[in-house]
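> The structure file query28.txt (compact mmCIF, C-alpha atoms and all ligand atoms) is provided below.
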```txt
# COMPACT_ATOMS: atom_id res chain seq x y z
CA MET A 19 14.31 28.78 48.21
CA SER A 20 14.50 25.43 49.88
CA GLU A 21 17.85 26.76 50.99
CA MET A 22 16.13 29.33 53.16
CA ASN A 23 17.00 28.45 56.74
CA ASN A 24 16.35 30.81 59.65
CA GLY A 25 16.40 33.76 57.27
CA GLU A 26 19.67 32.53 55.89
CA SER A 27 20.44 31.22 52.38
CA ARG A 28 22.83 28.39 51.85
CA CYS A 29 24.43 27.36 48.60
CA GLU A 30 23.75 23.67 48.12
CA LYS A 31 26.92 23.27 46.03
CA CYS A 32 29.49 24.53 48.49
CA GLN A 33 27.46 24.87 51.71
CA LYS A 34 28.43 28.53 51.99
CA SER A 35 25.87 30.69 53.79
CA PHE A 36 24.54 34.05 52.65
CA SER A 37 22.52 36.58 54.52
CA THR A 38 20.22 37.40 51.61
CA ALA A 39 18.75 35.58 48.66
CA ASP A 40 20.32 38.20 46.36
CA ALA A 41 23.76 37.48 47.70
CA LEU A 42 23.24 33.73 47.22
CA SER A 43 21.98 34.35 43.70
CA MET A 44 25.05 36.46 42.92
CA HIS A 45 27.32 33.78 44.43
CA ARG A 46 25.74 31.10 42.27
CA LYS A 47 26.07 33.18 39.11
CA VAL A 48 29.78 33.64 39.76
CA LYS A 49 30.79 30.33 41.33
CA HIS A 50 28.36 27.89 39.75
CA PRO A 51 27.40 29.51 36.45
CA GLU A 52 25.55 26.38 35.21
CA THR A 53 23.13 26.67 38.12
CA LYS A 54 19.94 28.55 37.37
CA PRO A 55 18.42 29.20 40.80
CA VAL A 56 15.24 30.97 39.69
CA GLU A 57 13.83 28.40 37.23
CA LYS A 58 12.54 25.94 39.76
CA ASP A 59 8.88 26.03 38.81
CA TYR A 60 9.00 23.32 36.13
CA ASN A 61 8.59 19.64 36.87
CA PRO A 62 12.14 18.21 37.01
CA VAL A 63 10.91 14.63 36.48
CA PHE A 64 9.16 15.56 33.24
CA THR A 65 12.13 17.60 32.08
CA LYS A 66 14.53 14.80 32.89
CA TRP A 67 12.44 12.19 31.00
CA LYS A 68 10.98 14.41 28.28
CA ILE A 69 13.52 13.56 25.59
CA PRO A 70 13.71 9.80 26.34
CA ILE A 71 9.87 9.66 26.36
CA ILE A 72 9.69 11.41 22.97
CA VAL A 73 12.37 9.13 21.57
CA VAL A 74 10.52 6.04 22.84
CA LEU A 75 7.22 7.33 21.42
CA VAL A 76 8.71 8.07 18.01
CA LEU A 77 10.46 4.69 17.93
CA SER A 78 7.28 2.84 18.93
CA ILE A 79 5.24 4.60 16.26
CA GLY A 80 7.96 3.92 13.71
CA VAL A 81 8.09 0.23 14.63
CA ALA A 82 4.28 -0.01 14.49
CA VAL A 83 4.16 1.63 11.05
CA LEU A 84 6.94 -0.61 9.74
CA ALA A 85 5.28 -3.72 11.17
CA SER A 86 1.92 -2.90 9.59
CA GLY A 87 3.66 -2.19 6.29
CA VAL A 88 5.40 -5.56 6.38
CA LEU A 89 2.13 -7.27 7.31
CA GLN A 90 0.30 -5.55 4.47
CA SER A 91 2.89 -6.41 1.86
CA ASN A 92 2.96 -9.98 3.16
CA THR A 93 -0.81 -10.44 2.84
CA LEU A 94 -0.62 -8.84 -0.59
CA LYS A 95 2.07 -11.30 -1.64
CA THR A 96 0.10 -14.29 -0.42
CA SER A 97 -3.15 -13.26 -2.13
CA LEU A 98 -1.74 -11.83 -5.37
CA ASN A 99 1.33 -12.93 -7.24
CA ILE A 100 3.00 -9.77 -8.51
CA GLU A 101 6.46 -11.23 -8.95
CA GLY A 102 8.52 -9.04 -11.25
CA MET A 103 5.97 -6.22 -11.24
CA GLN A 104 6.14 -2.74 -9.76
CA PHE A 105 3.17 -0.76 -8.49
CA PRO A 106 2.05 1.83 -9.31
CA THR A 107 2.86 0.76 -12.85
CA GLY A 108 3.03 4.21 -14.39
CA ASN A 109 1.39 4.54 -17.79
CA VAL A 110 1.28 1.20 -19.57
CA HIS A 111 -0.46 -0.20 -22.62
CA TRP A 112 -0.46 -3.97 -22.38
CA HIS A 113 -2.29 -6.64 -24.32
CA ALA A 114 -3.04 -10.20 -23.25
CA ASN A 115 -5.04 -13.04 -24.77
CA LEU A 116 -8.06 -14.77 -23.34
CA ASP A 117 -8.73 -18.24 -24.69
CA ALA A 118 -11.83 -19.42 -22.87
CA SER A 119 -14.40 -22.13 -23.38
CA VAL A 120 -17.38 -23.61 -21.56
CA CYS A 121 -18.31 -27.23 -22.35
CA GLY A 122 -15.95 -27.07 -25.32
CA GLU A 123 -17.76 -24.06 -26.81
CA PRO A 124 -15.33 -21.20 -27.41
CA TYR A 125 -16.18 -18.06 -25.50
CA LEU A 126 -16.35 -15.02 -27.72
CA MET A 127 -15.35 -11.88 -25.91
CA PRO A 128 -18.17 -9.36 -26.25
CA ASN A 129 -17.33 -5.94 -27.55
CA ALA A 130 -18.15 -4.54 -24.13
CA PRO A 131 -18.60 -0.79 -23.80
CA ILE A 132 -15.53 0.78 -22.26
CA VAL A 133 -16.51 1.64 -18.70
CA ASP A 134 -13.02 1.48 -17.33
CA HIS A 135 -10.25 2.40 -19.69
CA LEU A 136 -7.65 0.72 -17.47
CA LEU A 137 -9.23 -2.64 -18.39
CA HIS A 138 -11.07 -2.85 -21.69
CA THR A 139 -11.33 -4.62 -25.00
CA HIS A 140 -11.98 -3.83 -28.66
CA GLU A 141 -13.07 -5.89 -31.65
CA ASP A 142 -9.63 -7.51 -31.56
CA GLY A 143 -10.77 -9.75 -28.68
CA LEU A 144 -7.68 -8.86 -26.67
CA ILE A 145 -7.38 -7.81 -23.06
CA HIS A 146 -6.20 -4.22 -22.98
CA VAL A 147 -4.57 -2.73 -19.91
CA GLU A 148 -4.16 0.92 -20.63
CA GLY A 149 -3.18 3.61 -18.14
CA ALA A 150 -1.59 3.53 -14.71
CA ALA A 151 -2.52 0.83 -12.20
CA ALA A 152 -2.05 1.97 -8.61
CA THR A 153 -2.41 -1.52 -7.13
CA PRO A 154 -2.28 -5.08 -8.51
CA GLU A 155 -5.93 -5.56 -7.48
CA GLN A 156 -6.96 -3.11 -10.21
CA ILE A 157 -5.70 -5.28 -13.06
CA THR A 158 -6.55 -8.84 -12.17
CA LEU A 159 -8.11 -11.23 -14.65
CA GLY A 160 -11.17 -11.38 -12.40
CA LYS A 161 -11.60 -7.59 -12.66
CA PHE A 162 -11.29 -7.78 -16.43
CA VAL A 163 -13.92 -10.52 -16.74
CA GLN A 164 -16.20 -8.41 -14.53
CA ARG A 165 -15.84 -5.59 -17.06
CA LEU A 166 -17.13 -8.03 -19.67
CA GLY A 167 -20.25 -8.39 -17.55
CA THR A 168 -19.64 -11.86 -16.17
CA ALA A 169 -17.70 -13.66 -13.44
CA PHE A 170 -14.65 -15.87 -13.20
CA ASN A 171 -13.27 -17.88 -10.30
CA ALA A 172 -12.11 -21.43 -9.57
CA ASN A 173 -15.69 -22.72 -9.93
CA GLU A 174 -17.41 -20.57 -12.52
CA PHE A 175 -17.11 -18.69 -15.74
CA ASN A 176 -19.64 -16.89 -17.89
CA GLY A 177 -22.69 -18.00 -15.93
CA LYS A 178 -21.79 -21.71 -15.74
CA LYS A 179 -20.24 -23.47 -12.77
CA ILE A 180 -18.92 -26.85 -11.71
CA GLY A 181 -21.94 -29.13 -11.17
CA ASP A 182 -24.02 -27.51 -13.92
CA ASN A 183 -24.92 -29.50 -17.00
CA CYS A 184 -23.44 -28.94 -20.41
CA PRO A 185 -25.86 -28.65 -23.36
CA ASN A 186 -25.04 -32.29 -24.24
CA GLY A 187 -26.13 -33.42 -20.76
CA GLU A 188 -22.66 -34.05 -19.34
CA LYS A 189 -21.95 -32.59 -15.95
CA ILE A 190 -19.32 -29.88 -15.67
CA THR A 191 -16.66 -31.35 -13.40
CA GLN A 192 -13.60 -29.15 -13.66
CA MET A 193 -12.12 -25.74 -14.18
CA VAL A 194 -8.80 -25.65 -16.02
CA PHE A 195 -6.83 -22.44 -15.80
CA LEU A 196 -3.54 -22.02 -17.67
CA VAL A 197 -1.14 -19.12 -17.98
CA ASN A 198 0.89 -19.41 -21.17
CA GLY A 199 -0.05 -23.08 -21.24
CA ASN A 200 1.01 -23.81 -17.67
CA GLU A 201 -1.42 -24.79 -14.96
CA ASN A 202 -2.06 -21.97 -12.53
CA THR A 203 -4.05 -21.72 -9.32
CA GLU A 204 -4.51 -17.97 -9.16
CA PHE A 205 -7.69 -17.88 -11.25
CA GLU A 206 -9.42 -14.47 -10.83
CA ASN A 207 -6.46 -13.19 -8.80
CA ARG A 208 -4.02 -13.49 -11.68
CA VAL A 209 -2.54 -10.05 -12.22
CA ILE A 210 -2.58 -9.41 -15.97
CA ARG A 211 0.83 -9.09 -17.59
CA ASP A 212 1.69 -7.90 -21.06
CA GLY A 213 1.77 -10.65 -23.68
CA GLU A 214 0.34 -13.45 -21.58
CA THR A 215 -2.29 -15.93 -22.73
CA TYR A 216 -4.93 -17.09 -20.28
CA THR A 217 -6.76 -20.32 -20.94
CA ILE A 218 -10.02 -20.90 -19.10
CA ARG A 219 -11.77 -24.23 -19.66
CA LEU A 220 -14.90 -25.07 -17.72
CA GLU A 221 -15.61 -28.59 -18.81
CA SER A 222 -16.61 -32.14 -18.13
CA ALA A 223 -13.58 -34.31 -17.36
CA GLU A 224 -14.87 -36.81 -19.95
CA GLY A 225 -15.62 -33.97 -22.31
CA PRO A 226 -13.48 -32.38 -25.01
CA ALA A 227 -9.81 -32.49 -24.07
ZN ZN B 301 -4.79 -1.57 -26.48
ZN ZN B 302 -7.95 0.72 -26.12
```
Would you mind giving the structure from this file in structure tokens?
Ligand SMILES: [Zn+2]
Ligand SMILES: [Zn+2]

Amino acid sequence: MSEMNNGESRCEKCQKSFSTADALSMHRKVKHPETKPVEKDYNPVFTKWKIPIIVVLVLSIGVAVLASGVLQSNTLKTSLNIEGMQFPTGNVHWHANLDASVCGEPYLMPNAPIVDHLLHTHEDGLIHVEGAAATPEQITLGKFVQRLGTAFNANEFNGKKIGDNCPNGEKITQMVFLVNGNENTEFENRVIRDGETYTIRLESAEGPA
């Protein structure tokens, strides 16, 4: 209706004039069938940009989700070594050995009540991982030692820590942590794997080798 001019309607495509709006409408239908003269009440800017805006929004969200996923998996990889492992694990039944000592005294694994079947032990003194682990955090050596009712990290094990005295008076100076006999710096963050042996020695450097 912007074409209305002195009671006259003009077609903006071919500049032809019509005496009535009906005549113009009819002309448009016939000559310019793609033109829809009545539907002028929407916002043409929004309509024009609607699809690009949606595409941009979806892309931005997608990029954000991907980026956070990459960040998450990166932090996970730096804090926990899960090389060669898939999570969730599905149902597993793994066994690992714990060979621990404090001041040269062998640590005897208590027959702890099973509070968490995913990580438990029996009279066999083995670490049992039984069930499905959703994340690597659920089956770390630190979590297992917690289930035994004590703590393990780079400085402490079973209530003793570096700086404490051994029963013979020597000062505890080091924590040795081995995985299958090889030195390892993961300590409590070691994700338990089937068949591995973990050696924990909290000792005096001059003490028993
Ligand atoms: Zn078992
Ligand atoms: Zn069991």
> Rounded to one decimal in Å, what is the spacing between CA of Leu196 (chain A) and CA of Leu98 (chain A)?
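Atom-to-atom, CA of Leu196 (chain A) and CA of Leu98 (chain A) are spaced 16.1 Å apart.
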> Hey, which of A:Asn176, A:Val110, A:Glu221, A:Gly80 ends up closest to Gly160 (chain A)? Count all atoms listed in the file.
A:Asn176
> Here's a test: counting all atoms listed in the file, identify every protein, DNA and RNA residue with an atom at most 9 Å from (-7.9, -16.8, -20.6) in the file's coordinate frame, and state them as an NGL selection string.
:A and (114-119 or 159 or 195-197 or 214-219)
> Write out as a ChimeraX atom specification which residues come within 8 Å of Phe105 (chain A) when counting all atoms listed in the file, dropping same-chain ones fewer than 2 positions away.
/A:103,107-108,151-154
> Per residue of chain A within 12 Å of ligand ZN 302 (chain B), note the shortest atom pair and the distance in Å to one decimal, counting all atoms listed in the file, and order the rows by chain and increasing residue number, as a tab-separated table.

```
residue	atom	partner	partner_atom	distance
A:Val110	CA	B:ZN302	ZN	11.3
A:His111	CA	B:ZN302	ZN	8.3
A:Trp112	CA	B:ZN302	ZN	9.6
A:His113	CA	B:ZN302	ZN	9.5
A:Asn129	CA	B:ZN302	ZN	11.6
A:Ala130	CA	B:ZN302	ZN	11.6
A:Pro131	CA	B:ZN302	ZN	11.0
A:Ile132	CA	B:ZN302	ZN	8.5
A:Val133	CA	B:ZN302	ZN	11.4
A:Asp134	CA	B:ZN302	ZN	10.2
A:His135	CA	B:ZN302	ZN	7.0
A:Leu136	CA	B:ZN302	ZN	8.7
A:Leu137	CA	B:ZN302	ZN	8.5
A:His138	CA	B:ZN302	ZN	6.5
A:Thr139	CA	B:ZN302	ZN	6.4
A:His140	CA	B:ZN302	ZN	6.6
A:Glu141	CA	B:ZN302	ZN	10.0
A:Asp142	CA	B:ZN302	ZN	10.0
A:Gly143	CA	B:ZN302	ZN	11.1
A:Leu144	CA	B:ZN302	ZN	9.6
A:Ile145	CA	B:ZN302	ZN	9.1
A:His146	CA	B:ZN302	ZN	6.1
A:Val147	CA	B:ZN302	ZN	7.9
A:Glu148	CA	B:ZN302	ZN	6.7
A:Gly149	CA	B:ZN302	ZN	9.7
```
